[in-house]
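Asks: I have a structure I would like to understand better, so I am pasting it below and will then ask my questions one at a time.
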Amino acid sequence: MSSIHDLTEAGLIVGEATSTEFIFVSEKDKYPPKWEYLIVQSKEYVNGKLEPVDVLAQVERIVSRSEVMTQQLDVEALERIKRAGIDEIRTLGQARVLGYIVERSDGRKEVLLPRRAVVPGQHIYIAPKEILTSFFSYPSEEALYIGNLISRPDVPVYLSTSGFRRHLAIIAQTGAGKSYCAGVCIEELLDKGATILILDPHADYVFLQLAESGEKYDQSNRITVFQNPVSTGRYSKKEVGNIQSYEIAFQDLSFDEVCAVAGIREGYTNIREAVRVCLKRLKDEGKHYLPDDLLTTLESIKDDQNEERELRAGAASACKYIRRLAYLKVFGLQSTSTESLLKPMHVSVIDLSGLEDISMNYITSRILIDTFNAVANGDFNYPVFVILEEAHKFIPGSDQQTYSSSIINKIAAEGRKFGIFLLLITQRPSKVHPDSLSQCNSQVIMKLTNPQDQKAVAESSERLSQDLLNDLPGLNPGEAVVVGEVTKAPVMLKVRPRKTKEGGADIDVVEKLRQARQELKVDDIVETERKRQLPFRGNFSEV
C-alpha cells in the first residue's frame, strides 16, 4: 500500500467493531460518501504469523447528527445556534469489511475475510486506486473486463471466467440494461475463446456481428445468426445480414420423441400403436414427411373400414395430439446439425423472435438436449456457455412444465460437470424456477423495485446482504451489484460501453413520431395553418 502519509484520512473507528463491519466518525466537511472504499490497517495470521494487513471496507451508511439542533427548537433558535457556531454536528458512517489481499505461493493474489476485529481509535483512509485495482482484478487469461466502480470510475472491474462454472444470472427490471450487460459478457467470453449459444426470444443479440458504429465487428466471422423459417423475426434479413436457417426434420424424430412432443403418455396403448403404425408406413414410402403427413395418414386409417377397430379408434384419438404437434410449426425437411451450432471460439445466436412461446420452447429443448449430449458424450470437447434470455418463459417457477424446462434444470444441476454453463437473464426472478435460479452461484443484479422479485433474489443468493438489496431500487440504468464466485467480493459497478451493436434497445418514440408526421407532411400543414390564423400586423395602403 502507499505510505500512510500519502493517503487521504477519512475518520476514526469508534464504538464496537467486528471482523465484518465497523462504525466511524468523520469531520462534517470531509466524510466519505456512500459506497466509497476505505482502508484500515489491522493484523491477521498469514502463513502462521501475525502480520500487518490492509483491510478493504465499503461505506454502507452515512448519518449526520446534532445533539443541539433538535426538532423541538423553532427556526429562530436554530438560526441563533448556527450563527454562534455551536451546532456540534457529527457525521457517523457504517462500513462493511470486504477483505484483505494475500499473495499465494504460485504468485496469484487471493482475497481473504478477516478473522480479527479492527480496533476502535484507528484511522481510516480513502482506498488508493492501486489497492482497488488489485482487489477487483484477475490474471489476464481469466479476466473479463465488465465495467468500472460506480464510486471510483477510474478503477476497472474484472470478473473471473472460472466463476462461470457455477452458472450466472443477470437480473433486472425492464430498461435497466440486462441485455446490454449480457452483450458485454459475450464480447469478453468470445475474446477468451468461448463457445456460446444464445437463445434469443426478442432478437436482442442479432446485431452482434456489427460494431457500435454500424461497421462490421472485428469478430463478426465468429458469430452466426440462425432463424427458423417459420419465424417472422423482429428485424428483416436486410437489417441483420447473413442469417442461416435452423430447422428440425420431423422424420428425424423417433417414435418415442414424437409421442413425447405430442404429449401422448405411455399408458395410451391404442393411441401410441396408431402413431407407430403411421410412422412406419410413412418411412416405408421413402419420402420426406411432416406432421401434416402423419395427421393425413392417421385420418385415412380412422376412416378406413378395412382397418382393425382398435387401430381405427387409436388413430381417431391420436389426431388431436398430432394436430397440436403440427401447430408447433417448427419442423422442416432437413435438420440443422449440432456441429453447425457448436464451434470453438464461436457465437451462435438462435433468433426466436416472432414464434409462439410453445414453438420457442420446443426449439430450445431440441438445441439444449443435442448440446448436452454432444458435450457429455465427448463429441464436443470445449466448454459451452448457454445464454438464456427471458428465462422465466422457459423455466417458470410454478408447477407448469414447458418443453425445455426439464433439460434446463438438468443443465443447471449437472451441466458444470461436463462443461455446460448457464447464463440466465430475466426481469422476473420471482417467476423463474427456484431450483435453477439457486444453482446460479453468481448474480449480476441491476435496478429492481418489485418486492416479490427482490425477495426471490434474496432467497436465491446467500451473498447478497440486506443493505445491498436495499440499494437495488436506487441503481441507475447500466449500474449493477455483482455477487458470487465471479468476483472476489461483492462489487457495485457501471457496465462498460459495448463494442457490438445492441439489438434490444427501446425505440426512440419522439423520433418515430417525428418520422410519422414527416411522412404525412403534417408539420408543413400545421405551420401553414398557424401562419394563416395569425392577426394581420401590416398597414393597408390607400387606393
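Just remember, in the C-alpha cells the first chain shown is A, the second B, etc., residues are 1-based per chain, and ligands are 1-based in the order shown.
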Need the shell around Gly93 (chain A): protein/DNA/RNA residues with any atom at most 9 Å away, counting only C-alpha atoms. Skip same-chain ones fewer than 4 positions apart. Format as a PDB file with N, CA, C and O atoms, in the first residue's frame?
Replies:
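Saved result, selection-v7.pdb, follows:
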ATOM      1  N   PHE A  22     -17.744  -1.981  10.906  1.00  0.00           N
ATOM      2  CA  PHE A  22     -17.339  -1.049  11.955  1.00  0.00           C
ATOM      3  C   PHE A  22     -18.036   0.287  11.740  1.00  0.00           C
ATOM      4  O   PHE A  22     -18.528   0.588  10.656  1.00  0.00           O
ATOM      5  N   ILE A  23     -18.073   1.092  12.816  1.00  0.00           N
ATOM      6  CA  ILE A  23     -18.627   2.438  12.788  1.00  0.00           C
ATOM      7  C   ILE A  23     -17.454   3.422  12.822  1.00  0.00           C
ATOM      8  O   ILE A  23     -16.457   3.198  13.512  1.00  0.00           O
ATOM      9  N   PHE A  24     -17.573   4.519  12.079  1.00  0.00           N
ATOM     10  CA  PHE A  24     -16.516   5.526  12.110  1.00  0.00           C
ATOM     11  C   PHE A  24     -17.143   6.915  12.207  1.00  0.00           C
ATOM     12  O   PHE A  24     -18.321   7.118  11.875  1.00  0.00           O
ATOM     13  N   VAL A  25     -16.343   7.854  12.687  1.00  0.00           N
ATOM     14  CA  VAL A  25     -16.772   9.234  12.770  1.00  0.00           C
ATOM     15  C   VAL A  25     -15.851  10.074  11.903  1.00  0.00           C
ATOM     16  O   VAL A  25     -14.646   9.822  11.837  1.00  0.00           O
ATOM     17  N   SER A  26     -16.432  11.050  11.184  1.00  0.00           N
ATOM     18  CA  SER A  26     -15.663  11.907  10.279  1.00  0.00           C
ATOM     19  C   SER A  26     -15.995  13.363  10.540  1.00  0.00           C
ATOM     20  O   SER A  26     -17.042  13.685  11.136  1.00  0.00           O
ATOM     21  N   TYR A  31     -16.362  13.868   5.204  1.00  0.00           N
ATOM     22  CA  TYR A  31     -16.768  12.467   5.332  1.00  0.00           C
ATOM     23  C   TYR A  31     -16.842  11.788   3.954  1.00  0.00           C
ATOM     24  O   TYR A  31     -17.169  12.419   2.949  1.00  0.00           O
ATOM     25  N   PRO A  32     -16.553  10.495   3.892  1.00  0.00           N
ATOM     26  CA  PRO A  32     -16.622   9.769   2.617  1.00  0.00           C
ATOM     27  C   PRO A  32     -18.072   9.494   2.236  1.00  0.00           C
ATOM     28  O   PRO A  32     -18.909   9.230   3.109  1.00  0.00           O
ATOM     29  N   LYS A  34     -21.431   7.541   0.540  1.00  0.00           N
ATOM     30  CA  LYS A  34     -21.903   6.157   0.498  1.00  0.00           C
ATOM     31  C   LYS A  34     -21.276   5.441  -0.698  1.00  0.00           C
ATOM     32  O   LYS A  34     -21.131   6.003  -1.772  1.00  0.00           O
ATOM     33  N   VAL A  59     -18.249   1.881   2.474  1.00  0.00           N
ATOM     34  CA  VAL A  59     -19.225   2.660   3.242  1.00  0.00           C
ATOM     35  C   VAL A  59     -20.639   2.241   2.833  1.00  0.00           C
ATOM     36  O   VAL A  59     -20.992   2.279   1.652  1.00  0.00           O
ATOM     37  N   GLU A  60     -21.431   1.834   3.806  1.00  0.00           N
ATOM     38  CA  GLU A  60     -22.807   1.420   3.533  1.00  0.00           C
ATOM     39  C   GLU A  60     -23.829   2.456   3.978  1.00  0.00           C
ATOM     40  O   GLU A  60     -24.928   2.504   3.453  1.00  0.00           O
ATOM     41  N   ARG A  61     -23.446   3.285   4.946  1.00  0.00           N
ATOM     42  CA  ARG A  61     -24.434   4.223   5.510  1.00  0.00           C
ATOM     43  C   ARG A  61     -23.714   5.435   6.074  1.00  0.00           C
ATOM     44  O   ARG A  61     -22.649   5.319   6.667  1.00  0.00           O
ATOM     45  N   ILE A  62     -24.290   6.622   5.859  1.00  0.00           N
ATOM     46  CA  ILE A  62     -23.755   7.866   6.393  1.00  0.00           C
ATOM     47  C   ILE A  62     -24.887   8.609   7.122  1.00  0.00           C
ATOM     48  O   ILE A  62     -25.992   8.738   6.578  1.00  0.00           O
ATOM     49  N   VAL A  63     -24.616   9.082   8.332  1.00  0.00           N
ATOM     50  CA  VAL A  63     -25.620   9.806   9.118  1.00  0.00           C
ATOM     51  C   VAL A  63     -24.984  11.062   9.698  1.00  0.00           C
ATOM     52  O   VAL A  63     -23.882  10.998  10.265  1.00  0.00           O
ATOM     53  N   SER A  64     -25.650  12.203   9.547  1.00  0.00           N
ATOM     54  CA  SER A  64     -25.231  13.438  10.214  1.00  0.00           C
ATOM     55  C   SER A  64     -26.155  13.665  11.402  1.00  0.00           C
ATOM     56  O   SER A  64     -27.382  13.539  11.283  1.00  0.00           O
TER      57      SER A  64
END
Asks: What's the 8 Å shell around Ala412 (chain A), counting only C-alpha atoms, without same-chain residues fewer than 6 positions away, as a VMD selection string?
Replies: chain A and resid 167 421 to 422 436 439 to 440
Asks: Could you save the residues just selected, with N, CA, C and O atoms, as a compact mmCIF listing (two decimals), in the first residue's frame?
Replies:
# COMPACT_ATOMS: atom_id res chain seq x y z
N HIS A 167 -22.48 -21.22 -12.89
CA HIS A 167 -23.62 -20.56 -13.52
C HIS A 167 -23.79 -19.12 -13.01
O HIS A 167 -23.37 -18.78 -11.90
N PHE A 421 -22.33 -24.31 -19.15
CA PHE A 421 -22.57 -23.30 -18.13
C PHE A 421 -23.70 -22.37 -18.55
O PHE A 421 -23.73 -21.90 -19.69
N LEU A 422 -24.59 -22.11 -17.62
CA LEU A 422 -25.77 -21.29 -17.91
C LEU A 422 -25.53 -19.83 -17.54
O LEU A 422 -24.88 -19.53 -16.54
N SER A 436 -33.41 -23.78 -10.51
CA SER A 436 -32.43 -23.30 -11.48
C SER A 436 -31.79 -22.00 -11.01
O SER A 436 -30.58 -21.81 -11.14
N GLN A 439 -29.14 -22.42 -8.43
CA GLN A 439 -27.90 -23.02 -8.94
C GLN A 439 -26.96 -21.97 -9.51
O GLN A 439 -25.79 -22.27 -9.77
N CYS A 440 -27.46 -20.76 -9.73
CA CYS A 440 -26.62 -19.67 -10.23
C CYS A 440 -25.89 -19.06 -9.04
O CYS A 440 -26.42 -18.16 -8.38
Asks: Compile the contact shell of Thr18 (chain A) as a PDB file with N, CA, C and O atoms, in the first residue's frame: residues with an atom at most 6 Å away, counting only C-alpha atoms, same-chain residues fewer than 2 positions apart removed.
Replies:
ATOM      1  N   THR A  20     -16.464  -7.992  10.535  1.00  0.00           N
ATOM      2  CA  THR A  20     -17.278  -7.807   9.323  1.00  0.00           C
ATOM      3  C   THR A  20     -17.757  -6.376   9.108  1.00  0.00           C
ATOM      4  O   THR A  20     -18.123  -6.013   7.997  1.00  0.00           O
ATOM      5  N   GLU A  21     -17.744  -5.532  10.163  1.00  0.00           N
ATOM      6  CA  GLU A  21     -18.210  -4.162   9.995  1.00  0.00           C
ATOM      7  C   GLU A  21     -17.689  -3.287  11.127  1.00  0.00           C
ATOM      8  O   GLU A  21     -17.256  -3.787  12.173  1.00  0.00           O
ATOM      9  N   ALA A 117     -11.068  -8.557  14.620  1.00  0.00           N
ATOM     10  CA  ALA A 117     -11.771  -7.285  14.508  1.00  0.00           C
ATOM     11  C   ALA A 117     -10.776  -6.144  14.383  1.00  0.00           C
ATOM     12  O   ALA A 117      -9.685  -6.184  14.959  1.00  0.00           O
TER      13      ALA A 117
END
Asks: Env of Phe164 (chain A): 12 Å cut, atoms = only C-alpha atoms, seq-sep filter 4 positions within chain, self excluded. Answer as a count of residues only.
Replies: 34
Asks: Would you give me, as a PDB file with C-alpha atoms, in the first residue's frame, the residues in region 51-170 of chain A that DSSP reads as alpha helix (DSSP H)?
Replies:
ATOM      1  CA  VAL A  75     -36.365  28.177  13.282  1.00  0.00           C
ATOM      2  CA  GLU A  76     -35.265  31.356  15.075  1.00  0.00           C
ATOM      3  CA  ALA A  77     -33.473  29.395  17.803  1.00  0.00           C
ATOM      4  CA  LEU A  78     -31.812  27.142  15.242  1.00  0.00           C
ATOM      5  CA  GLU A  79     -30.561  30.163  13.308  1.00  0.00           C
ATOM      6  CA  ARG A  80     -29.024  31.658  16.505  1.00  0.00           C
ATOM      7  CA  ILE A  81     -27.227  28.372  17.233  1.00  0.00           C
ATOM      8  CA  LYS A  82     -25.937  28.224  13.685  1.00  0.00           C
ATOM      9  CA  ARG A  83     -24.645  31.824  13.784  1.00  0.00           C
ATOM     10  CA  ALA A  84     -22.932  31.120  17.085  1.00  0.00           C
ATOM     11  CA  LYS A 129      -6.537   3.220  -6.855  1.00  0.00           C
ATOM     12  CA  GLU A 130      -3.786   0.594  -6.886  1.00  0.00           C
ATOM     13  CA  ILE A 131      -5.349  -1.309  -3.965  1.00  0.00           C
ATOM     14  CA  LEU A 132      -8.802  -1.292  -5.583  1.00  0.00           C
ATOM     15  CA  THR A 133      -7.441  -2.286  -8.997  1.00  0.00           C
ATOM     16  CA  SER A 134      -5.636  -5.246  -7.446  1.00  0.00           C
ATOM     17  CA  PHE A 135      -8.706  -6.198  -5.411  1.00  0.00           C
TER      18      PHE A 135
END
Asks: Of the candidates A:Val55, A:Ala17, A:Ile86, A:Ile223, which shows the shortest atom-to-atom distance to Gly121 (chain A), using only C-alpha atoms?
Replies: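 That would be A:Ala17, the residue with the smallest distance to Gly121 (chain A).
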Asks: Each residue of region 73-192 of chain A lying at most 9 Å from region 212-221 of chain A should get a row with its shortest atom-to-atom pair and the distance in Å to one decimal, counting only C-alpha atoms; could you produce that, ordered by chain and increasing number, as a tab-separated table?
Replies:
residue	atom	partner	partner_atom	distance
A:Glu187	CA	A:Gln219	CA	9.0
A:Leu190	CA	A:Gln219	CA	8.4
A:Asp191	CA	A:Gln219	CA	8.5
Asks: Residues within 8 Å of region 104-111 of chain A, please, as a PyMOL selection string. Count only C-alpha atoms; anything in the same chain fewer than 2 positions from it doesn't count.
Replies: chain A and resi 99-102+113+135+139+488-489
Asks: Just the selected residues (all heavy atoms), exported as a tab-separated table (two decimals), in the first residue's frame, please.
Replies:
chain	number	residue	atom	x	y	z
A	99	GLY	N	-12.46	-7.52	2.89
A	99	GLY	CA	-11.38	-8.50	2.97
A	99	GLY	C	-10.01	-7.86	2.80
A	99	GLY	O	-9.88	-6.64	2.68
A	100	TYR	N	-8.99	-8.71	2.77
A	100	TYR	CA	-7.63	-8.25	2.55
A	100	TYR	C	-6.95	-9.19	1.56
A	100	TYR	O	-7.35	-10.35	1.40
A	100	TYR	CB	-6.85	-8.18	3.87
A	100	TYR	CG	-6.68	-9.50	4.58
A	100	TYR	CD1	-5.52	-10.28	4.43
A	100	TYR	CD2	-7.68	-10.00	5.41
A	100	TYR	CE1	-5.38	-11.49	5.08
A	100	TYR	CE2	-7.55	-11.21	6.07
A	100	TYR	CZ	-6.39	-11.95	5.90
A	100	TYR	OH	-6.26	-13.16	6.55
A	101	ILE	N	-5.94	-8.70	0.90
A	101	ILE	CA	-5.27	-9.46	-0.16
A	101	ILE	C	-4.01	-10.13	0.37
A	101	ILE	O	-3.21	-9.50	1.08
A	101	ILE	CB	-4.89	-8.54	-1.35
A	101	ILE	CG1	-6.15	-7.93	-1.96
A	101	ILE	CG2	-4.12	-9.31	-2.41
A	101	ILE	CD1	-5.87	-6.92	-3.06
A	102	VAL	N	-3.84	-11.41	0.04
A	102	VAL	CA	-2.59	-12.12	0.32
A	102	VAL	C	-2.10	-12.74	-0.99
A	102	VAL	O	-2.90	-13.08	-1.87
A	102	VAL	CB	-2.76	-13.22	1.39
A	102	VAL	CG1	-3.13	-12.62	2.73
A	102	VAL	CG2	-3.81	-14.24	0.97
A	113	LEU	N	-11.25	-13.11	4.09
A	113	LEU	CA	-12.03	-12.35	5.06
A	113	LEU	C	-11.30	-12.36	6.40
A	113	LEU	O	-10.76	-13.38	6.82
A	113	LEU	CB	-13.42	-12.97	5.22
A	113	LEU	CG	-14.35	-12.85	4.00
A	113	LEU	CD1	-15.63	-13.64	4.25
A	113	LEU	CD2	-14.67	-11.40	3.70
A	135	PHE	N	-7.62	-5.47	-6.08
A	135	PHE	CA	-8.71	-6.20	-5.41
A	135	PHE	C	-9.73	-6.72	-6.42
A	135	PHE	O	-10.26	-7.82	-6.25
A	135	PHE	CB	-9.39	-5.27	-4.41
A	135	PHE	CG	-10.11	-5.97	-3.31
A	135	PHE	CD1	-9.46	-6.31	-2.13
A	135	PHE	CD2	-11.45	-6.30	-3.44
A	135	PHE	CE1	-10.14	-6.97	-1.11
A	135	PHE	CE2	-12.13	-6.96	-2.42
A	135	PHE	CZ	-11.46	-7.29	-1.24
A	139	PRO	N	-5.86	-12.60	-13.13
A	139	PRO	CA	-4.85	-12.80	-14.18
A	139	PRO	C	-5.48	-12.66	-15.56
A	139	PRO	O	-6.66	-13.00	-15.77
A	139	PRO	CB	-4.37	-14.23	-13.93
A	139	PRO	CG	-4.62	-14.47	-12.47
A	139	PRO	CD	-5.87	-13.70	-12.16
A	488	LYS	N	-14.23	-11.40	-6.40
A	488	LYS	CA	-13.59	-11.70	-5.11
A	488	LYS	C	-14.43	-11.23	-3.93
A	488	LYS	O	-14.35	-11.77	-2.84
A	488	LYS	CB	-12.21	-11.04	-5.06
A	488	LYS	CG	-11.22	-11.64	-6.06
A	488	LYS	CD	-9.94	-10.83	-6.08
A	488	LYS	CE	-8.97	-11.39	-7.12
A	488	LYS	NZ	-7.78	-10.53	-7.30
A	489	ALA	N	-15.22	-10.18	-4.16
A	489	ALA	CA	-16.08	-9.63	-3.12
A	489	ALA	C	-17.24	-8.93	-3.80
A	489	ALA	O	-17.12	-8.53	-4.96
A	489	ALA	CB	-15.30	-8.65	-2.24
Asks: List every residue of region 242-283 of chain A that has an atom at most 10 Å from any atom of region 345-361 of chain A, and for each one report the closest atom pair and its distance in Å to one decimal, counting only C-alpha atoms, with rows sorted by chain and then by increasing residue number, as a tab-separated table.
Replies:
residue	atom	partner	partner_atom	distance
A:Ile243	CA	A:Asp351	CA	9.3
A:Gln244	CA	A:Ile350	CA	9.6
A:Ser245	CA	A:Ile350	CA	9.6
A:Tyr246	CA	A:Ile350	CA	8.0
Asks: Name the residues in contact with Gln122 (chain A) at a cut-off of 9 Å, using only C-alpha atoms, excluding same-chain residues fewer than 4 positions from it; report them as a PDB file with N, CA, C and O atoms, in the first residue's frame.
Replies:
ATOM      1  N   GLY A  11     -11.391   9.437   8.754  1.00  0.00           N
ATOM      2  CA  GLY A  11     -12.022   9.446  10.063  1.00  0.00           C
ATOM      3  C   GLY A  11     -11.390   8.454  11.009  1.00  0.00           C
ATOM      4  O   GLY A  11     -10.293   7.940  10.768  1.00  0.00           O
ATOM      5  N   LEU A  12     -12.108   8.177  12.095  1.00  0.00           N
ATOM      6  CA  LEU A  12     -11.650   7.260  13.132  1.00  0.00           C
ATOM      7  C   LEU A  12     -12.717   6.213  13.403  1.00  0.00           C
ATOM      8  O   LEU A  12     -13.920   6.513  13.396  1.00  0.00           O
ATOM      9  N   ILE A  13     -12.275   4.987  13.683  1.00  0.00           N
ATOM     10  CA  ILE A  13     -13.204   3.930  14.084  1.00  0.00           C
ATOM     11  C   ILE A  13     -13.622   4.184  15.525  1.00  0.00           C
ATOM     12  O   ILE A  13     -12.792   4.468  16.393  1.00  0.00           O
ATOM     13  N   VAL A  14     -14.931   4.071  15.795  1.00  0.00           N
ATOM     14  CA  VAL A  14     -15.461   4.313  17.139  1.00  0.00           C
ATOM     15  C   VAL A  14     -16.414   3.184  17.528  1.00  0.00           C
ATOM     16  O   VAL A  14     -16.850   2.396  16.682  1.00  0.00           O
ATOM     17  N   VAL A  40      -8.207   0.270   6.251  1.00  0.00           N
ATOM     18  CA  VAL A  40      -7.828   0.352   7.651  1.00  0.00           C
ATOM     19  C   VAL A  40      -6.779  -0.731   7.910  1.00  0.00           C
ATOM     20  O   VAL A  40      -6.900  -1.862   7.409  1.00  0.00           O
ATOM     21  N   GLN A  41      -5.754  -0.387   8.650  1.00  0.00           N
ATOM     22  CA  GLN A  41      -4.707  -1.358   8.944  1.00  0.00           C
ATOM     23  C   GLN A  41      -5.128  -2.237  10.113  1.00  0.00           C
ATOM     24  O   GLN A  41      -5.701  -1.772  11.093  1.00  0.00           O
ATOM     25  N   VAL A 118     -11.152  -5.124  13.580  1.00  0.00           N
ATOM     26  CA  VAL A 118     -10.357  -3.899  13.567  1.00  0.00           C
ATOM     27  C   VAL A 118     -10.544  -3.188  14.915  1.00  0.00           C
ATOM     28  O   VAL A 118     -11.522  -3.432  15.626  1.00  0.00           O
TER      29      VAL A 118
END
Asks: What separation in Å, quoted to one decimal, exists between CA of Asp471 (chain A) and CA of Pro451 (chain A)?
Replies: 12.8 Å
Asks: Skipping near chain neighbours, those fewer than 6 positions away, what residues fall within 6 Å of region 323-340 of chain A using only C-alpha atoms, listed as a list in words?
Replies: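 So the residues in contact are Tyr246, Glu247, Ile248, Ala249, Phe250, Ala262, Pro291 and Ser359 of chain A.
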Asks: Could the residues in this selection be saved with N, CA, C and O atoms as a PDB file, in the first residue's frame?
Replies:
ATOM      1  N   TYR A 246     -32.344 -22.479 -39.205  1.00  0.00           N
ATOM      2  CA  TYR A 246     -32.320 -23.555 -38.222  1.00  0.00           C
ATOM      3  C   TYR A 246     -33.608 -24.355 -38.374  1.00  0.00           C
ATOM      4  O   TYR A 246     -34.708 -23.833 -38.180  1.00  0.00           O
ATOM      5  N   GLU A 247     -33.474 -25.622 -38.734  1.00  0.00           N
ATOM      6  CA  GLU A 247     -34.639 -26.480 -38.972  1.00  0.00           C
ATOM      7  C   GLU A 247     -34.505 -27.781 -38.199  1.00  0.00           C
ATOM      8  O   GLU A 247     -33.396 -28.223 -37.873  1.00  0.00           O
ATOM      9  N   ILE A 248     -35.656 -28.381 -37.935  1.00  0.00           N
ATOM     10  CA  ILE A 248     -35.708 -29.700 -37.319  1.00  0.00           C
ATOM     11  C   ILE A 248     -36.493 -30.602 -38.260  1.00  0.00           C
ATOM     12  O   ILE A 248     -37.673 -30.344 -38.532  1.00  0.00           O
ATOM     13  N   ALA A 249     -35.850 -31.617 -38.807  1.00  0.00           N
ATOM     14  CA  ALA A 249     -36.539 -32.538 -39.718  1.00  0.00           C
ATOM     15  C   ALA A 249     -37.453 -33.449 -38.905  1.00  0.00           C
ATOM     16  O   ALA A 249     -36.988 -34.177 -38.016  1.00  0.00           O
ATOM     17  N   PHE A 250     -38.731 -33.410 -39.211  1.00  0.00           N
ATOM     18  CA  PHE A 250     -39.690 -34.203 -38.451  1.00  0.00           C
ATOM     19  C   PHE A 250     -39.387 -35.694 -38.562  1.00  0.00           C
ATOM     20  O   PHE A 250     -39.521 -36.449 -37.590  1.00  0.00           O
ATOM     21  N   ALA A 262     -45.807 -34.739 -28.619  1.00  0.00           N
ATOM     22  CA  ALA A 262     -47.258 -34.617 -28.790  1.00  0.00           C
ATOM     23  C   ALA A 262     -48.009 -34.759 -27.467  1.00  0.00           C
ATOM     24  O   ALA A 262     -49.207 -34.449 -27.395  1.00  0.00           O
ATOM     25  N   PRO A 291     -45.448 -33.271 -39.950  1.00  0.00           N
ATOM     26  CA  PRO A 291     -46.572 -33.614 -39.079  1.00  0.00           C
ATOM     27  C   PRO A 291     -47.914 -33.672 -39.809  1.00  0.00           C
ATOM     28  O   PRO A 291     -48.768 -34.510 -39.473  1.00  0.00           O
ATOM     29  N   SER A 359     -43.545 -22.888 -29.482  1.00  0.00           N
ATOM     30  CA  SER A 359     -42.567 -23.196 -30.526  1.00  0.00           C
ATOM     31  C   SER A 359     -41.158 -22.837 -30.060  1.00  0.00           C
ATOM     32  O   SER A 359     -40.200 -23.580 -30.293  1.00  0.00           O
TER      33      SER A 359
END
Asks: Could you please write out, as a list in words, every residue of region 303-416 of chain A that DSSP assigns to strand (DSSP E or B)?
Replies: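 For region 303-416 of chain A, the strand (DSSP E or B) set is Phe331, Gly332, His346, Val347, Ser348, Val349, Ile350, Asp351, Val384, Phe385, Val386, Ile387, Leu388 and Pro396 of chain A.
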Asks: Kindly indicate which residue among A:Ile369, A:Leu388, A:Val457, A:Ile408 lies nearest to His202 (chain A), using only C-alpha atoms for the distances.
Replies: A:Leu388
Asks: Any idea what the distance is between CA of Asn450 (chain A) and CA of Tyr158 (chain A)?
Replies: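 Taking CA of Asn450 (chain A) as the start and CA of Tyr158 (chain A) as the end point, the length is 28.6 Å.
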